[in-house]
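Dumped coords04.txt below, it's compact mmCIF, C-alpha atoms:
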# COMPACT_ATOMS: atom_id res chain seq x y z
CA MET A 1 0.00 0.00 0.00
CA ILE A 2 2.83 2.37 0.89
CA PHE A 3 4.53 1.52 -2.42
CA LYS A 4 1.27 2.28 -4.23
CA ILE A 5 0.84 5.64 -2.52
CA LEU A 6 4.47 6.56 -3.12
CA SER A 7 4.25 5.65 -6.81
CA ALA A 8 0.99 7.54 -7.29
CA SER A 9 2.42 10.58 -5.51
CA PHE A 10 5.52 10.43 -7.69
CA SER A 11 3.35 10.29 -10.84
CA LEU A 12 1.26 13.21 -9.65
CA LEU A 13 4.42 15.20 -8.93
CA LEU A 14 5.66 14.51 -12.47
CA ALA A 15 2.26 15.55 -13.82
CA LEU A 16 2.51 18.78 -11.84
CA TRP A 17 6.03 19.36 -13.11
CA ALA A 18 4.90 18.87 -16.73
CA PHE A 19 1.96 21.21 -16.08
CA VAL A 20 4.29 23.94 -14.79
CA ASN A 21 6.48 23.44 -17.88
CA MET A 22 3.39 23.62 -20.06
CA VAL A 23 2.48 27.01 -18.62
CA GLN A 24 6.02 28.37 -18.66
CA LYS A 25 7.32 27.10 -22.02
CA PRO A 26 4.97 27.93 -24.88
CA ARG A 27 7.27 26.25 -27.43
CA ASN A 28 6.78 22.78 -25.97
CA ARG A 29 3.24 23.27 -24.75
CA ALA A 30 1.78 20.53 -26.91
CA LEU A 31 4.26 17.89 -25.72
CA ASN A 32 3.90 18.94 -22.09
CA ALA A 33 0.11 18.72 -22.34
CA VAL A 34 0.46 15.12 -23.54
CA VAL A 35 2.93 14.40 -20.73
CA VAL A 36 0.52 15.82 -18.12
CA VAL A 37 -2.23 13.51 -19.40
CA PHE A 38 0.26 10.63 -19.46
CA TRP A 39 1.33 10.97 -15.80
CA LEU A 40 -2.25 11.51 -14.66
CA THR A 41 -3.18 8.27 -16.42
CA VAL A 42 -0.24 6.53 -14.76
CA ALA A 43 -1.49 7.70 -11.35
CA LEU A 44 -4.94 6.38 -12.24
CA PHE A 45 -3.43 3.01 -13.21
CA ILE A 46 -1.60 2.78 -9.91
CA LEU A 47 -4.65 3.66 -7.86
CA ASP A 48 -7.20 1.61 -9.78
CA ASP A 49 -6.35 -2.11 -10.02
CA ARG A 50 -9.21 -2.98 -12.37
CA LEU A 51 -7.98 -0.51 -14.96
CA LYS A 52 -4.43 -1.76 -14.54
CA PHE A 53 -5.47 -5.40 -15.05
CA ALA A 54 -7.58 -4.56 -18.05
CA VAL A 55 -4.74 -2.70 -19.79
CA GLY A 56 -2.21 -5.37 -18.79
CA ARG A 57 -4.37 -8.18 -20.22
CA SER A 58 -5.19 -6.25 -23.38
CA LEU A 59 -1.43 -5.89 -23.96
CA GLY A 60 -0.93 -9.61 -23.48
CA ALA A 61 0.86 -9.52 -20.14
CA ALA A 62 0.78 -12.96 -18.49
CA ARG A 63 0.91 -11.50 -15.00
CA PRO A 64 -0.70 -8.07 -15.09
CA THR A 65 0.18 -7.45 -11.45
CA ASP A 66 3.90 -7.74 -12.11
CA VAL A 67 5.53 -4.43 -11.33
CA PHE A 68 8.08 -4.92 -14.12
CA VAL A 69 5.29 -5.37 -16.64
CA HIS A 70 3.76 -2.09 -15.44
CA GLY A 71 7.10 -0.37 -15.72
CA ALA A 72 7.73 -1.71 -19.20
CA ILE A 73 4.27 -0.63 -20.41
CA LEU A 74 4.63 2.86 -18.97
CA ILE A 75 8.18 3.42 -20.21
CA GLY A 76 7.18 2.06 -23.62
CA ALA A 77 4.20 4.37 -23.83
CA TYR A 78 6.27 7.36 -22.77
CA ALA A 79 8.99 6.51 -25.30
CA LEU A 80 6.35 6.19 -28.01
CA ILE A 81 4.99 9.65 -27.20
CA ARG A 82 8.51 11.11 -27.41
CA VAL A 83 9.20 9.30 -30.70
CA PHE A 84 6.01 10.62 -32.31
CA TYR A 85 6.69 14.12 -31.08
CA ARG A 86 10.29 14.01 -32.32
CA LEU A 87 9.10 12.73 -35.70
CA GLY A 88 6.77 15.70 -35.93
CA GLN A 89 9.64 18.03 -35.13
CA LEU A 90 11.87 16.35 -37.74
CA ARG A 91 9.19 16.73 -40.40
CA ALA A 92 8.91 20.43 -39.56
CA GLU A 93 12.69 20.77 -39.82
CA VAL A 94 12.72 19.03 -43.21
CA ARG A 95 10.06 21.46 -44.45
CA GLU A 96 12.15 24.40 -43.24
CA LEU A 97 15.16 23.00 -45.09
CA CYS A 98 13.10 22.61 -48.29
CA LYS A 99 11.94 26.19 -47.94
CA ALA A 100 15.46 27.51 -47.38
CA GLN A 101 16.81 25.50 -50.30
CA ALA A 102 14.09 26.74 -52.66
CA ILE A 103 14.66 30.37 -51.69
CA LEU A 104 18.44 30.11 -52.00
CA LYS A 105 18.14 28.46 -55.42
CA GLY A 106 15.67 31.15 -56.49
CA GLU A 107 17.99 33.92 -55.32
CA LEU A 108 20.93 32.30 -57.09
CA ASP A 109 18.95 32.08 -60.35
CA HIS A 110 17.86 35.69 -59.93
CA TYR A 111 21.46 36.76 -59.32
CA LYS A 112 22.68 34.80 -62.35
CA SER A 113 20.02 36.42 -64.54
CA GLY A 114 21.69 39.76 -63.81
CA THR A 115 18.41 41.49 -62.96
CA PRO A 116 18.78 44.15 -60.25
CA MET B 1 12.36 41.39 -64.98
CA LEU B 2 11.72 43.38 -61.83
CA LYS B 3 10.78 47.00 -61.85
CA THR B 4 8.42 49.16 -59.84
CA LYS B 5 5.05 48.66 -61.37
CA THR B 6 1.61 50.11 -61.05
CA ALA B 7 -1.34 47.87 -60.46
CA PRO B 8 -3.23 47.48 -63.72
CA GLY B 9 -6.75 48.83 -63.88
CA VAL B 10 -6.21 52.32 -62.53
CA PRO B 11 -4.52 54.32 -65.28
CA GLY B 12 -2.09 56.97 -64.15
CA LYS B 13 -2.37 56.00 -60.52
CA LYS B 14 0.63 54.38 -58.94
CA LEU B 15 -0.84 51.65 -56.84
CA GLY B 16 0.61 48.84 -54.86
CA GLY B 17 4.29 49.55 -55.66
CA LEU B 18 5.91 46.36 -56.81
CA VAL B 19 3.12 43.79 -56.95
CA ILE B 20 4.28 40.18 -56.84
CA ILE B 21 1.91 37.28 -57.35
CA VAL B 22 2.74 34.12 -55.42
CA ILE B 23 1.38 30.86 -56.81
CA PRO B 24 1.84 27.59 -54.93
CA ALA B 25 1.68 24.73 -57.43
CA TYR B 26 1.54 20.99 -56.93
CA ASN B 27 1.04 18.72 -59.94
CA GLU B 28 -0.47 21.51 -62.05
CA VAL B 29 1.07 20.64 -65.40
CA GLN B 30 -2.32 21.02 -67.12
CA LYS B 31 -3.10 24.51 -65.87
CA ILE B 32 -0.04 26.39 -64.72
CA ALA B 33 0.95 27.80 -68.13
CA ASP B 34 -2.60 29.11 -68.70
CA VAL B 35 -2.75 30.65 -65.24
CA VAL B 36 0.55 32.46 -65.72
CA GLY B 37 -0.50 33.50 -69.23
CA GLU B 38 -3.75 35.02 -67.94
CA LEU B 39 -1.89 36.96 -65.26
CA ASN B 40 0.58 38.26 -67.85
CA LYS B 41 -2.32 39.34 -70.05
CA ALA B 42 -3.82 41.20 -67.08
CA GLY B 43 -0.54 43.09 -66.74
CA PHE B 44 1.19 41.16 -63.97
CA ASP B 45 4.69 40.07 -64.89
CA ASP B 46 6.27 39.57 -61.50
CA ILE B 47 5.14 36.10 -60.60
CA VAL B 48 6.70 33.68 -58.15
CA VAL B 49 5.64 30.07 -58.68
CA VAL B 50 6.56 27.62 -55.95
CA ASP B 51 6.57 24.11 -57.34
CA ASP B 52 5.82 22.05 -54.26
CA GLY B 53 7.63 18.88 -55.29
CA SER B 54 5.45 18.12 -58.32
CA SER B 55 6.00 14.82 -60.06
CA ASP B 56 3.92 15.42 -63.20
CA GLY B 57 6.19 17.65 -65.26
CA THR B 58 5.12 20.98 -63.74
CA ALA B 59 8.82 21.79 -63.24
CA SER B 60 9.63 21.47 -66.93
CA VAL B 61 6.64 23.63 -67.90
CA LEU B 62 7.72 26.27 -65.39
CA SER B 63 11.27 26.34 -66.73
CA ASP B 64 9.88 27.65 -70.03
CA LEU B 65 7.78 30.37 -68.41
CA HIS B 66 8.88 33.89 -67.55
CA VAL B 67 8.42 33.49 -63.79
CA HIS B 68 10.51 33.22 -60.64
CA ASN B 69 10.60 29.48 -60.36
CA LEU B 70 11.18 28.06 -56.88
CA ARG B 71 11.06 24.35 -56.21
CA HIS B 72 10.68 22.27 -53.09
CA PRO B 73 12.55 18.97 -53.48
CA ILE B 74 9.63 17.15 -51.84
CA ASN B 75 5.94 17.91 -51.36
CA CYS B 76 5.77 20.08 -48.24
CA GLY B 77 2.17 21.29 -48.37
CA GLN B 78 0.47 24.45 -49.60
CA GLY B 79 1.19 26.37 -46.39
CA VAL B 80 4.95 25.87 -46.76
CA ALA B 81 4.80 26.71 -50.48
CA LEU B 82 3.03 29.98 -49.69
CA SER B 83 5.50 30.75 -46.95
CA THR B 84 8.40 30.12 -49.34
CA GLY B 85 6.85 32.31 -52.03
CA ILE B 86 6.02 35.15 -49.66
CA THR B 87 9.51 35.14 -48.09
CA TYR B 88 11.05 35.23 -51.56
CA ALA B 89 8.70 37.99 -52.73
CA LEU B 90 9.66 40.07 -49.70
CA ALA B 91 13.35 39.51 -50.51
CA LEU B 92 12.65 40.81 -54.02
CA GLY B 93 11.26 43.99 -52.50
CA ALA B 94 7.54 43.41 -53.03
CA GLU B 95 5.29 46.19 -51.74
CA THR B 96 2.16 44.16 -52.33
CA ILE B 97 1.92 40.37 -52.40
CA VAL B 98 -1.03 38.54 -53.91
CA THR B 99 -1.58 34.81 -53.38
CA PHE B 100 -3.24 33.06 -56.30
CA ASP B 101 -4.23 29.42 -56.85
CA ALA B 102 -2.60 27.39 -59.61
CA ASP B 103 -5.65 25.36 -60.60
CA GLY B 104 -7.21 28.08 -62.73
CA GLN B 105 -10.19 28.81 -60.50
CA HIS B 106 -9.19 32.43 -59.85
CA GLN B 107 -9.63 35.23 -62.35
CA ALA B 108 -6.58 37.35 -63.18
CA ALA B 109 -8.81 40.42 -63.47
CA ASP B 110 -9.75 40.12 -59.79
CA VAL B 111 -6.15 40.74 -58.70
CA SER B 112 -6.42 44.43 -59.60
CA LEU B 113 -9.60 44.73 -57.52
CA LEU B 114 -7.80 43.38 -54.47
CA VAL B 115 -4.68 45.49 -54.94
CA ASN B 116 -6.65 48.67 -55.58
CA LYS B 117 -8.76 48.15 -52.48
CA LEU B 118 -5.64 47.43 -50.41
CA VAL B 119 -3.88 50.61 -51.46
CA GLU B 120 -6.81 52.99 -51.78
CA GLN B 121 -8.13 52.16 -48.31
CA ASP B 122 -4.66 51.75 -46.78
CA LEU B 123 -5.43 48.22 -45.62
CA ASP B 124 -3.09 45.45 -44.50
CA VAL B 125 -4.91 42.49 -46.01
CA VAL B 126 -7.67 42.10 -48.58
CA PHE B 127 -9.41 38.74 -48.86
CA GLY B 128 -11.23 37.59 -51.96
CA SER B 129 -14.76 36.38 -51.27
CA ARG B 130 -16.87 34.15 -53.47
CA PHE B 131 -19.92 34.84 -51.32
CA LEU B 132 -20.05 38.63 -51.69
CA GLY B 133 -22.09 38.90 -54.82
CA ALA B 134 -19.73 37.90 -57.61
CA LYS B 135 -21.02 34.94 -59.57
CA SER B 136 -19.34 31.63 -58.79
CA ASP B 137 -21.36 29.02 -60.63
CA GLY B 138 -20.88 25.31 -60.16
CA LEU B 139 -20.12 25.25 -56.44
CA PRO B 140 -21.49 21.91 -55.20
CA LEU B 141 -23.94 22.11 -52.29
CA MET B 142 -21.79 20.02 -49.93
CA ARG B 143 -18.75 22.15 -50.66
CA MET B 144 -20.78 25.31 -50.10
CA LEU B 145 -22.10 24.03 -46.76
CA MET B 146 -18.59 23.07 -45.72
CA LEU B 147 -17.24 26.51 -46.63
CA LYS B 148 -20.12 28.29 -44.87
CA ALA B 149 -19.55 26.22 -41.73
CA ALA B 150 -15.86 27.11 -41.86
CA VAL B 151 -16.80 30.80 -42.11
CA VAL B 152 -19.06 30.62 -39.04
CA ILE B 153 -16.49 28.69 -36.98
CA THR B 154 -13.57 30.91 -38.01
CA ASN B 155 -15.49 34.11 -37.30
CA ILE B 156 -16.44 32.86 -33.84
CA PHE B 157 -12.94 31.54 -33.15
CA TYR B 158 -11.01 34.64 -34.12
CA GLY B 159 -13.60 37.39 -33.71
CA VAL B 160 -13.44 38.49 -37.34
CA LYS B 161 -16.19 39.30 -39.81
CA LEU B 162 -15.47 37.49 -43.05
CA THR B 163 -17.73 35.88 -45.60
CA ASP B 164 -15.15 33.54 -47.14
CA THR B 165 -12.33 32.27 -44.96
CA HIS B 166 -10.75 29.70 -47.25
CA ASN B 167 -10.26 31.60 -50.46
CA GLY B 168 -6.72 31.40 -51.84
CA LEU B 169 -6.96 34.83 -53.48
CA ARG B 170 -5.62 37.40 -51.00
CA ALA B 171 -3.56 40.57 -51.12
CA PHE B 172 -1.11 41.60 -48.41
CA SER B 173 0.75 44.82 -47.86
CA ARG B 174 4.46 44.35 -47.28
CA GLN B 175 4.04 45.18 -43.59
CA ALA B 176 1.31 42.56 -43.21
CA ALA B 177 3.26 39.90 -45.11
CA GLU B 178 6.22 40.46 -42.81
CA GLN B 179 4.02 39.84 -39.78
CA ILE B 180 2.19 36.78 -41.05
CA LYS B 181 4.41 33.79 -40.41
CA ILE B 182 2.82 30.68 -41.88
CA SER B 183 3.96 27.63 -39.94
CA GLU B 184 1.09 25.29 -40.79
CA HIS B 185 2.09 23.16 -43.74
CA ASP B 186 -1.38 22.11 -44.86
CA MET B 187 -4.68 23.93 -45.44
CA VAL B 188 -4.74 25.09 -41.82
CA HIS B 189 -2.55 27.96 -43.06
CA ALA B 190 -5.74 29.74 -44.20
CA SER B 191 -7.02 29.79 -40.62
CA GLN B 192 -3.56 30.72 -39.36
CA ILE B 193 -3.49 33.78 -41.61
CA ILE B 194 -6.85 34.92 -40.22
CA GLU B 195 -5.66 34.14 -36.69
CA THR B 196 -2.65 36.45 -37.22
CA VAL B 197 -4.80 39.16 -38.79
CA ALA B 198 -7.03 39.10 -35.71
CA ALA B 199 -4.20 38.83 -33.18
CA ARG B 200 -2.16 41.66 -34.72
CA LYS B 201 -5.30 43.73 -35.32
CA LEU B 202 -4.42 44.16 -38.98
CA LYS B 203 -6.80 46.22 -41.12
CA TYR B 204 -8.65 43.97 -43.53
CA ALA B 205 -11.50 43.97 -46.00
CA GLU B 206 -13.08 41.65 -48.53
CA VAL B 207 -13.63 42.03 -52.25
CA PRO B 208 -16.08 39.96 -54.29
CA VAL B 209 -14.24 37.61 -56.63
CA THR B 210 -15.36 35.03 -59.12
CA ILE B 211 -14.36 31.41 -58.78
CA ALA B 212 -14.49 29.27 -61.90
CA TYR B 213 -15.42 25.79 -60.77
CA THR B 214 -14.40 23.08 -63.15
CA GLU B 215 -14.11 19.34 -62.78
CA TYR B 216 -10.37 19.88 -62.49
CA SER B 217 -10.50 22.53 -59.76
CA LEU B 218 -13.15 20.65 -57.80
CA ALA B 219 -11.00 17.52 -57.84
CA LYS B 220 -8.18 19.59 -56.37
CA GLY B 221 -10.38 21.02 -53.61
CA GLN B 222 -10.69 20.07 -49.98
CA LYS B 223 -12.51 16.96 -48.83
CA ILE B 224 -14.90 16.93 -45.89
CA SER B 225 -12.55 14.71 -43.86
CA ASN B 226 -9.86 17.31 -44.33
CA SER B 227 -12.11 20.08 -43.07
CA VAL B 228 -12.69 18.12 -39.86
CA ARG B 229 -8.92 17.82 -39.46
CA ILE B 230 -8.56 21.57 -40.02
CA PHE B 231 -11.16 22.22 -37.31
CA ILE B 232 -9.34 19.95 -34.84
CA LYS B 233 -6.08 21.71 -35.62
CA MET B 234 -7.73 25.10 -35.10
CA ILE B 235 -8.79 24.00 -31.62
CA TRP B 236 -5.31 22.65 -30.96
CA ARG B 237 -3.71 25.91 -32.11
CA LYS B 238 -6.05 27.87 -29.87
CA PHE B 239 -4.97 25.74 -26.92
CA ALA B 240 -1.27 25.64 -27.78
CA ALA B 241 -1.00 29.36 -28.59
As structure tokens - that is how I would like this structure written.
Amino acid sequence: MIFKILSASFSLLLALWAFVNMVQKPRNRALNAVVVVFWLTVALFILDDRLKFAVGRSLGAARPTDVFVHGAILIGAYALIRVFYRLGQLRAEVRELCKAQAILKGELDHYKSGTP
Amino acid sequence: MLKTKTAPGVPGKKLGGLVIIVIPAYNEVQKIADVVGELNKAGFDDIVVVDDGSSDGTASVLSDLHVHNLRHPINCGQGVALSTGITYALALGAETIVTFDADGQHQAADVSLLVNKLVEQDLDVVFGSRFLGAKSDGLPLMRMLMLKAAVVITNIFYGVKLTDTHNGLRAFSRQAAEQIKISEHDMVHASQIIETVAARKLKYAEVPVTIAYTEYSLAKGQKISNSVRIFIKMIWRKFAA
């Protein structure tokens, strides 16, 4: 029980931390919003056994009560969120590169044409 | 190619300074030459076409046209293409920037109406509107309902009064174009432009324009599923802003 309360408190603290970041850092607001929801869900998992079992079984865990299974699921989910977010950022960076390349090429052509 | 130019349509009156038309184009091999030709006929020679990674030969058609030809190596979306074109037009010294669709649905003659209104009334942005009286035959009912819903939602969201929020024909003063930073790569850029206009309290107006609906232009238009995505993104932007 103490372990459960400690874990839930830790998750809620992380949720609070992400919430403060969300308010303070507009650039990463979207990611922090997702992280807030993530840690709140984690706290809910820890506090509600039925939900935990249901998710564990749906993911094919043989022993849904196993703390390592919980850990693996949570870390996996968090990593997935980060991967998707990073992919989104990479796509945006590629678009910026395309834009810069097109403008530079255009300016070079314009310069070569000798037009003022 | 570049020189200070008056906007056609008002003889003797120097309007708009250097007017540059920005056309984002993606797989428009069938229409792009006609669109550029019509604009040339209407007196607009300074045209920036951004080929957004076309794979249908648009690039080779553009290389034969008298335009500033920019090319994205991959398809980045209309928002990025517009952003590229506007940034380039500003670098060329544009005083007025007009965005124009590549699918032939806009009328070259309407550009002068937008530019004249922008300069005569000292506005920052002029939007073309298909719902302000000009005839735009052939608009399917579903598309019209979708556009009208977008107008209502956008007006409520951003506190503006517009009758057509997703019309690609717009004119910007240089000052406005410098302030409007398009970061949305897809069609959400239209809402983002209006969002900036409202946030920066830019002076805006609408001008009735005619849209020529053809099978080709309708096939290029937005689908209902996409409009739902735009709406979700608008909500997200509102939250993330």
Counting only C-alpha atoms, which residues of chain B sit at most 10 Å from some atom of chain A, and what is each one's closest atom pair with its distance in Å to one decimal, listed by chain and rising residue number, as a Markdown table?
| residue | atom | partner | partner_atom | distance |
| --- | --- | --- | --- | --- |
| B:Met1 | CA | A:Thr115 | CA | 6.4 |
| B:Leu2 | CA | A:Thr115 | CA | 7.0 |
| B:Lys3 | CA | A:Pro116 | CA | 8.6 |
| B:Val48 | CA | A:Gly106 | CA | 9.5 |
| B:Val50 | CA | A:Ala102 | CA | 8.3 |
| B:Asp51 | CA | A:Ala102 | CA | 9.2 |
| B:Asp52 | CA | A:Cys98 | CA | 9.4 |
| B:Gly53 | CA | A:Cys98 | CA | 9.6 |
| B:His68 | CA | A:Gly106 | CA | 6.9 |
| B:Asn69 | CA | A:Gly106 | CA | 6.6 |
| B:Leu70 | CA | A:Ala102 | CA | 5.3 |
| B:Arg71 | CA | A:Ala102 | CA | 5.2 |
| B:His72 | CA | A:Cys98 | CA | 5.4 |
| B:Pro73 | CA | A:Cys98 | CA | 6.4 |
| B:Ile74 | CA | A:Cys98 | CA | 7.4 |
| B:Asn75 | CA | A:Arg95 | CA | 8.8 |
| B:Cys76 | CA | A:Arg95 | CA | 5.9 |
| B:Gly77 | CA | A:Arg95 | CA | 8.8 |
| B:Val80 | CA | A:Lys99 | CA | 7.1 |
| B:Ala81 | CA | A:Lys99 | CA | 7.6 |
| B:Leu82 | CA | A:Lys99 | CA | 9.8 |
| B:Ser83 | CA | A:Lys99 | CA | 8.0 |
| B:Thr84 | CA | A:Lys99 | CA | 5.5 |
| B:Gly85 | CA | A:Ile103 | CA | 8.1 |
| B:Thr87 | CA | A:Ile103 | CA | 7.9 |
| B:Tyr88 | CA | A:Ile103 | CA | 6.1 |
| B:Ala89 | CA | A:Ile103 | CA | 9.7 |
| B:Ala91 | CA | A:Glu107 | CA | 8.7 |
| B:Leu92 | CA | A:Glu107 | CA | 8.8 |
| B:Ser183 | CA | A:Ala92 | CA | 8.7 |
| B:Glu184 | CA | A:Ala92 | CA | 9.3 |
| B:His185 | CA | A:Arg95 | CA | 8.2 |
| B:Trp236 | CA | A:Ala30 | CA | 8.4 |
| B:Arg237 | CA | A:Ala30 | CA | 9.3 |
| B:Phe239 | CA | A:Ala30 | CA | 8.5 |
| B:Ala240 | CA | A:Arg29 | CA | 5.9 |
| B:Ala241 | CA | A:Pro26 | CA | 7.2 |
Applying 9 Å and only C-alpha atoms, which residues near Ala43 in chain A remain after dropping the ones on its own chain fewer than 6 positions away? List them as a PDB file with C-alpha atoms, keeping the file's coordinate frame.
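The resulting part.pdb:
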ATOM      1  CA  SER A   7       4.250   5.650  -6.810  1.00  0.00           C
ATOM      2  CA  ALA A   8       0.990   7.540  -7.290  1.00  0.00           C
ATOM      3  CA  SER A   9       2.420  10.580  -5.510  1.00  0.00           C
ATOM      4  CA  PHE A  10       5.520  10.430  -7.690  1.00  0.00           C
ATOM      5  CA  SER A  11       3.350  10.290 -10.840  1.00  0.00           C
ATOM      6  CA  LEU A  12       1.260  13.210  -9.650  1.00  0.00           C
TER       7      LEU A  12
END
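Between CA of Leu90 in chain B and CA of Ile180 in chain B the separation is 11.9 Å.
The two atoms in question, CA of Lys233 in chain B and CA of Val22 in chain B, are spaced 25.0 Å apart.
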Contacts of range 193-219 of chain B with range 95-113 of chain B up to 7 Å, shortest pair per row, all atoms listed in the file, as CSV:
residue,atom,partner,partner_atom,distance
B:Val209,CA,B:Asp110,CA,6.0
B:Thr210,CA,B:Gln107,CA,6.6
B:Ile211,CA,B:Gln105,CA,5.2
B:Ala212,CA,B:Gln105,CA,4.5
B:Tyr213,CA,B:Gln105,CA,6.0
B:Ser217,CA,B:Asp103,CA,5.7
For Leu44 in chain A, find every residue with an atom within 12 Å (counting only C-alpha atoms), except residues of its own chain fewer than 4 positions away, and show them as a VMD selection string. chain A and resid 4 to 5 7 to 9 11 to 12 15 37 to 40 48 to 52 55
Enter the distance from CA of Tyr26 in chain B to CA of Pro140 in chain B, in Å, rounded to one decimal. 23.1 Å
Counting all atoms listed in the file, find residues at most 12 Å from (-17.1, 28.9, -42.3) (file frame) and give them as a ChimeraX atom specification. /B:129,131,143-158,160-167,190-191,227-228,230-231
Could you save those same residues with C-alpha atoms as an mmCIF file, in the coordinates of the input?
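As a result, selection-v9.cif now contains:
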data_model
loop_
_atom_site.group_PDB
_atom_site.id
_atom_site.type_symbol
_atom_site.label_atom_id
_atom_site.label_comp_id
_atom_site.auth_asym_id
_atom_site.auth_seq_id
_atom_site.Cartn_x
_atom_site.Cartn_y
_atom_site.Cartn_z
ATOM 1 C CA SER B 129 -14.760 36.380 -51.270
ATOM 2 C CA PHE B 131 -19.920 34.840 -51.320
ATOM 3 C CA ARG B 143 -18.750 22.150 -50.660
ATOM 4 C CA MET B 144 -20.780 25.310 -50.100
ATOM 5 C CA LEU B 145 -22.100 24.030 -46.760
ATOM 6 C CA MET B 146 -18.590 23.070 -45.720
ATOM 7 C CA LEU B 147 -17.240 26.510 -46.630
ATOM 8 C CA LYS B 148 -20.120 28.290 -44.870
ATOM 9 C CA ALA B 149 -19.550 26.220 -41.730
ATOM 10 C CA ALA B 150 -15.860 27.110 -41.860
ATOM 11 C CA VAL B 151 -16.800 30.800 -42.110
ATOM 12 C CA VAL B 152 -19.060 30.620 -39.040
ATOM 13 C CA ILE B 153 -16.490 28.690 -36.980
ATOM 14 C CA THR B 154 -13.570 30.910 -38.010
ATOM 15 C CA ASN B 155 -15.490 34.110 -37.300
ATOM 16 C CA ILE B 156 -16.440 32.860 -33.840
ATOM 17 C CA PHE B 157 -12.940 31.540 -33.150
ATOM 18 C CA TYR B 158 -11.010 34.640 -34.120
ATOM 19 C CA VAL B 160 -13.440 38.490 -37.340
ATOM 20 C CA LYS B 161 -16.190 39.300 -39.810
ATOM 21 C CA LEU B 162 -15.470 37.490 -43.050
ATOM 22 C CA THR B 163 -17.730 35.880 -45.600
ATOM 23 C CA ASP B 164 -15.150 33.540 -47.140
ATOM 24 C CA THR B 165 -12.330 32.270 -44.960
ATOM 25 C CA HIS B 166 -10.750 29.700 -47.250
ATOM 26 C CA ASN B 167 -10.260 31.600 -50.460
ATOM 27 C CA ALA B 190 -5.740 29.740 -44.200
ATOM 28 C CA SER B 191 -7.020 29.790 -40.620
ATOM 29 C CA SER B 227 -12.110 20.080 -43.070
ATOM 30 C CA VAL B 228 -12.690 18.120 -39.860
ATOM 31 C CA ILE B 230 -8.560 21.570 -40.020
ATOM 32 C CA PHE B 231 -11.160 22.220 -37.310
#
Excluding Asn27 in chain B and residues on its chain fewer than 4 positions from it, collect all residues at most 8 Å away from it, counting all atoms listed in the file, and give them as a ChimeraX atom specification. /B:54-58
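If you measure from each of B:Ile232, B:Glu206, B:Ala33, B:Val49 to Gly133 in chain B using only C-alpha atoms, the closest one turns out to be B:Glu206.
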Return the padded bounding box of range 133-147 of chain B as AutoDock Vina command-line options: axis-aligned, built from all atoms listed in the file, 8 Å added on each side, with centre and edge lengths in Å to one decimal.
--center_x -20.6 --center_y 29.5 --center_z -53.2 --size_x 22.7 --size_y 34.9 --size_z 30.9
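Residues in contact with Leu65 in chain B at 12 Å, where all atoms listed in the file are counted and same-chain residues fewer than 6 positions away are skipped, are listed as B:Ile32, B:Ala33, B:Asp34, B:Val35, B:Val36, B:Gly37, B:Asn40, B:Asp45, B:Asp46, B:Ile47, B:Val48, B:Val49, B:Thr58, B:Ala59.
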